[in-house]
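*Asks:* Supplied in structure tokens, the structure appears directly below.
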Amino acid sequence: MSKEIRLKTPIKTEDIIDLQAGDRILLSGIIYTARDTAHKRIVASMEKGETLPFELQGAVVYYAGPAPAPPGKPIGSIGPTTSYRMDAYAPKLIENGLKMMIGKGSRNQAVKDAIIEHQAVYCAAWGGAGALLASRVVSADCIAYEELGPEAVYQLEVKDFPVMVVNDIYGHDAYEQQGGDR
Amino acid sequence: MRSIQYTQIVEALAKACIKANIIASCDLLEAYQDSIDNDSQNGAKAILKDLLLNAEVAKENNMPICQDTGTAVVFLELGQEIQVEGGYLVDAINEGVRQGYRDGYLRKSIVSHPLERKNTGDNTPAVIHTEIVPGDSFRITVAPKGGGSENMSRLSMLTPAVGWEGFKSFLINAIREAGPNPCPPVVVGACLGGNFESCALEAKKCLLRPIGERNSDPEIAAYEEELLEEINKLNIGPQGFGGDTTAFDVHLSFLPCHIACLPAAINLNCHVARHQSFCL
């Protein structure tokens, strides 16, 4: 039976244990945007032993590249991008403490295995609901790779940011359980 | 000859880029509502309600419906009796895109080099398709195209032997494999026939048709209905979490082709199926 859960960042292992595919989460706290090129750079920095743009332990990464903030708003539209493009990098981040990924679409087996092994979770936000999701962002700061424009790393403070659990530590996948009422 | 000023093109196109990205079209709003009313699954209805709410929030906050405001794909139907004054037509299109994406706070999603991947910073260059038409009319359509659904699009050079059933299975498989990735409910643009490049372009042009409009050829219209029914049996549903609404619509074209060939293209659009046309 899926449930609705309120979670605060940083995410702890005991939070993850409670989560099942299909659960709805209202997430509050700090999350970080990173997509293709930011992931490539973060993993390169890890391999060189350099300082990362943010602390990975307990972190939430949101696969997203926002539209620019219009006057009077902290950020523009900010829905998820398709997650499979980050599959090549995600296990490395999960091994080093990343607890939650937010995106859309299915992950490969290596990511699902890393989620189980290191007790993390993959969640979906609604693709193409960028304006609605932006309304749950309280503040936004570009903290790394500013020259990448929308692909830069933004630190977002979110309140009641709505996501759904796709891959949990029990090996379930909400895309494969489709057809139920959630 | 009728003259059109460079600056007229720039200004009108900039406005169209902004409107296309922020204001959901009437056919899209109707499609959301129809699916909310008709999808048999409560989970699907709940997601569709959020997507409709998102379109309303976008309009209210003057913000793009989706952060991926896309590649600016611009279709020109240019009367052969039109003369552009004050500058080069292609420059006018790119300047219109530049101004629209800047002034509308739209995302700049274009990189100048496929491997170096440096953002051009202004969403140019636009992808421009020009058709010369009789007379002195000038119609411009901008169709911002998101990357997620574009990545799930497919082209295949089928053999004539596979016929309609072969094409259908190609199309259904492409949508099944795409699953949640192209942000369903999708709009499907598809073409059978033509050659390698005309087939792809015609599939993209199919995405400009309003949701709910059938091909004017009754034979192709019947094929569209057959495909839509099959797609919506896949139970991919809104966002890939199940439901009867995997596609809002299928727009299909047939083109003449070479005796050896049966090109097939499927261009997927996400649920935020954007396009805005105007005449100068």
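Here's how to read the names in the structure tokens: chain A, B, ... by the order shown, residue numbers from 1 in each chain, ligand numbers from 1 in the order shown.
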As a list of chain:residue names, please: the residues near range 25-34 of chain A (cut-off 7 Å, only C-alpha atoms, same-chain neighbours under 3 positions excluded).
*Replies:*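 The residues that qualify are A:Glu4, A:Ile5, A:Arg6, A:Leu7, A:Lys8, A:Thr9, A:Ala38, A:His39, A:Ala59, A:Val60, A:Val61, A:Tyr62, A:Tyr63, A:Ala64, A:Gly65, A:Glu151, A:Ala152, A:Val153, A:Tyr154, A:Gln155, A:Leu156, A:Glu157, A:Val158, A:Lys159, A:Asp160, A:Phe161, A:Pro162, A:Val163, A:Met164.
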*Asks:* Using the selection just defined, write its residues with N, CA and C atoms as a CSV table (one decimal), in the first residue's frame.
*Replies:*
chain,number,residue,atom,x,y,z
A,4,GLU,N,1.9,8.5,1.8
A,4,GLU,CA,2.5,9.8,1.6
A,4,GLU,C,3.4,10.2,2.8
A,5,ILE,N,4.6,10.6,2.5
A,5,ILE,CA,5.6,10.8,3.6
A,5,ILE,C,6.2,12.2,3.5
A,6,ARG,N,6.5,12.8,4.6
A,6,ARG,CA,7.2,14.1,4.6
A,6,ARG,C,8.7,13.8,5.0
A,7,LEU,N,9.6,14.3,4.2
A,7,LEU,CA,11.0,14.0,4.5
A,7,LEU,C,11.8,15.3,4.5
A,8,LYS,N,12.8,15.4,5.3
A,8,LYS,CA,13.7,16.5,5.4
A,8,LYS,C,15.1,16.1,5.0
A,9,THR,N,15.8,17.0,4.3
A,9,THR,CA,17.2,16.7,4.0
A,9,THR,C,18.1,17.1,5.2
A,38,ALA,N,27.5,18.3,-15.6
A,38,ALA,CA,27.9,18.5,-14.2
A,38,ALA,C,28.3,17.1,-13.6
A,39,HIS,N,27.5,16.1,-14.0
A,39,HIS,CA,27.9,14.7,-13.5
A,39,HIS,C,29.3,14.3,-14.0
A,59,ALA,N,23.1,13.4,0.5
A,59,ALA,CA,22.6,14.5,-0.4
A,59,ALA,C,21.5,14.0,-1.3
A,60,VAL,N,20.7,14.9,-1.9
A,60,VAL,CA,19.7,14.7,-2.9
A,60,VAL,C,20.1,15.4,-4.1
A,61,VAL,N,20.2,14.7,-5.3
A,61,VAL,CA,20.5,15.3,-6.5
A,61,VAL,C,19.3,15.3,-7.4
A,62,TYR,N,19.0,16.4,-8.0
A,62,TYR,CA,17.8,16.6,-8.9
A,62,TYR,C,18.4,16.7,-10.3
A,63,TYR,N,18.0,15.8,-11.2
A,63,TYR,CA,18.4,15.9,-12.6
A,63,TYR,C,17.5,16.9,-13.2
A,64,ALA,N,18.0,18.2,-13.3
A,64,ALA,CA,17.2,19.3,-13.8
A,64,ALA,C,18.1,20.4,-14.2
A,65,GLY,N,17.6,21.1,-15.2
A,65,GLY,CA,18.2,22.4,-15.6
A,65,GLY,C,17.2,23.4,-15.7
A,151,GLU,N,23.0,24.0,-17.2
A,151,GLU,CA,23.6,22.7,-16.7
A,151,GLU,C,24.4,22.9,-15.5
A,152,ALA,N,24.5,24.1,-15.0
A,152,ALA,CA,25.3,24.4,-13.7
A,152,ALA,C,24.7,23.7,-12.6
A,153,VAL,N,25.4,23.7,-11.4
A,153,VAL,CA,24.9,23.1,-10.2
A,153,VAL,C,24.2,24.2,-9.4
A,154,TYR,N,22.9,24.0,-9.1
A,154,TYR,CA,22.2,25.0,-8.3
A,154,TYR,C,21.8,24.3,-7.0
A,155,GLN,N,22.0,25.1,-5.9
A,155,GLN,CA,21.6,24.6,-4.6
A,155,GLN,C,20.2,25.2,-4.4
A,156,LEU,N,19.2,24.3,-4.2
A,156,LEU,CA,17.8,24.7,-4.1
A,156,LEU,C,17.3,24.5,-2.7
A,157,GLU,N,16.6,25.4,-2.1
A,157,GLU,CA,15.9,25.1,-0.9
A,157,GLU,C,14.4,24.9,-1.3
A,158,VAL,N,13.9,23.7,-1.0
A,158,VAL,CA,12.6,23.3,-1.4
A,158,VAL,C,11.7,23.1,-0.2
A,159,LYS,N,10.4,23.3,-0.4
A,159,LYS,CA,9.4,23.0,0.6
A,159,LYS,C,8.3,22.2,0.0
A,160,ASP,N,8.1,21.0,0.6
A,160,ASP,CA,7.0,20.1,0.1
A,160,ASP,C,7.1,19.9,-1.4
A,161,PHE,N,8.3,19.6,-1.8
A,161,PHE,CA,8.6,19.3,-3.2
A,161,PHE,C,8.1,17.8,-3.5
A,162,PRO,N,7.1,17.7,-4.4
A,162,PRO,CA,6.4,16.4,-4.6
A,162,PRO,C,7.2,15.4,-5.5
A,163,VAL,N,7.5,14.2,-5.0
A,163,VAL,CA,8.1,13.2,-5.8
A,163,VAL,C,7.5,11.9,-5.5
A,164,MET,N,7.7,10.9,-6.4
A,164,MET,CA,7.2,9.5,-6.1
A,164,MET,C,8.4,8.5,-6.1
*Asks:* With a cut-off of 6 Å and counting only C-alpha atoms, select all residues of chain B in contact with chain A and give the selection as a ChimeraX atom specification.
*Replies:* /B:42-43,51,54,58,65-67,105-107,180-181,183,241-242
*Asks:* Among range 22-147 of chain B, which residues carry a DSSP assignment of helix (DSSP H, G or I), reported as a ChimeraX atom specification?
*Replies:* /B:22,26-38,42-61,89-103,147
*Asks:* Excluding range 203-209 of chain B and its own-chain neighbours fewer than 5 positions away, which residues fall within 7 Å of it when counting only C-alpha atoms? Please give them as a count of residues only.
*Replies:* 10
*Asks:* I'd like the contact shell of Val272 in chain B - 9 Å cut-off, only C-alpha atoms, skipping same-chain residues fewer than 2 positions apart - returned as number ranges by chain.
*Replies:* A: 128; B: 21, 24, 28, 55, 65-66, 183, 185-187, 269-270, 274
*Asks:* Generate a file of the selected residues that holds N, CA, C and O atoms, formatted as a tab-separated table (two decimals), in the first residue's frame.
*Replies:*
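New file out22.tsv:
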chain	number	residue	atom	x	y	z
A	128	GLY	N	7.67	17.73	-17.34
A	128	GLY	CA	6.81	18.71	-17.99
A	128	GLY	C	5.89	19.43	-17.04
A	128	GLY	O	4.92	20.05	-17.46
B	21	ASN	N	5.76	28.88	-25.43
B	21	ASN	CA	6.33	28.20	-24.25
B	21	ASN	C	5.55	28.43	-22.96
B	21	ASN	O	5.67	27.64	-22.03
B	24	ALA	N	-0.44	27.31	-22.78
B	24	ALA	CA	-0.86	26.02	-23.34
B	24	ALA	C	-1.98	26.27	-24.35
B	24	ALA	O	-2.88	27.09	-24.11
B	28	LEU	N	-4.59	21.40	-26.31
B	28	LEU	CA	-3.87	20.69	-25.25
B	28	LEU	C	-4.67	20.70	-23.95
B	28	LEU	O	-4.80	19.67	-23.28
B	55	ALA	N	-0.08	23.74	-16.20
B	55	ALA	CA	-0.32	24.67	-17.32
B	55	ALA	C	-0.98	25.95	-16.81
B	55	ALA	O	-0.66	27.06	-17.28
B	65	ILE	N	5.79	26.44	-19.38
B	65	ILE	CA	5.07	25.24	-18.92
B	65	ILE	C	6.09	24.17	-18.52
B	65	ILE	O	5.94	23.49	-17.52
B	66	CYS	N	7.14	24.04	-19.33
B	66	CYS	CA	8.24	23.11	-19.05
B	66	CYS	C	9.54	23.88	-19.14
B	66	CYS	O	9.68	24.77	-19.99
B	183	CYS	N	8.02	11.82	-21.54
B	183	CYS	CA	6.98	12.55	-20.82
B	183	CYS	C	5.58	12.31	-21.39
B	183	CYS	O	4.92	13.23	-21.86
B	185	PRO	N	1.50	11.71	-21.36
B	185	PRO	CA	0.96	11.38	-22.68
B	185	PRO	C	1.68	12.12	-23.82
B	185	PRO	O	1.80	13.33	-23.77
B	186	VAL	N	2.10	11.33	-24.81
B	186	VAL	CA	2.83	11.90	-25.94
B	186	VAL	C	1.88	12.29	-27.07
B	186	VAL	O	0.73	11.87	-27.10
B	187	VAL	N	2.41	13.11	-27.97
B	187	VAL	CA	1.77	13.31	-29.27
B	187	VAL	C	2.74	12.69	-30.28
B	187	VAL	O	3.94	12.94	-30.22
B	269	ASN	N	6.44	13.84	-29.41
B	269	ASN	CA	6.38	15.09	-28.66
B	269	ASN	C	5.90	14.76	-27.26
B	269	ASN	O	5.10	13.83	-27.07
B	270	CYS	N	6.37	15.51	-26.28
B	270	CYS	CA	5.91	15.34	-24.91
B	270	CYS	C	4.48	15.85	-24.78
B	270	CYS	O	3.92	16.38	-25.74
B	274	ARG	N	3.99	21.94	-28.11
B	274	ARG	CA	3.97	23.40	-28.33
B	274	ARG	C	4.15	23.78	-29.79
B	274	ARG	O	5.02	23.24	-30.46
*Asks:* According to DSSP computed on the backbone, where in range 23-143 of chain A is there strand (DSSP E or B)? Give the residues as a PyMOL selection string.
*Replies:* chain A and resi 24-33+60-62+82+100-104+121-124+137-143
*Asks:* Record the distance separating CA of Ser35 in chain B and CA of Phe248 in chain B, expressed in Å with one decimal.
*Replies:*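 The value is 8.2 Å.
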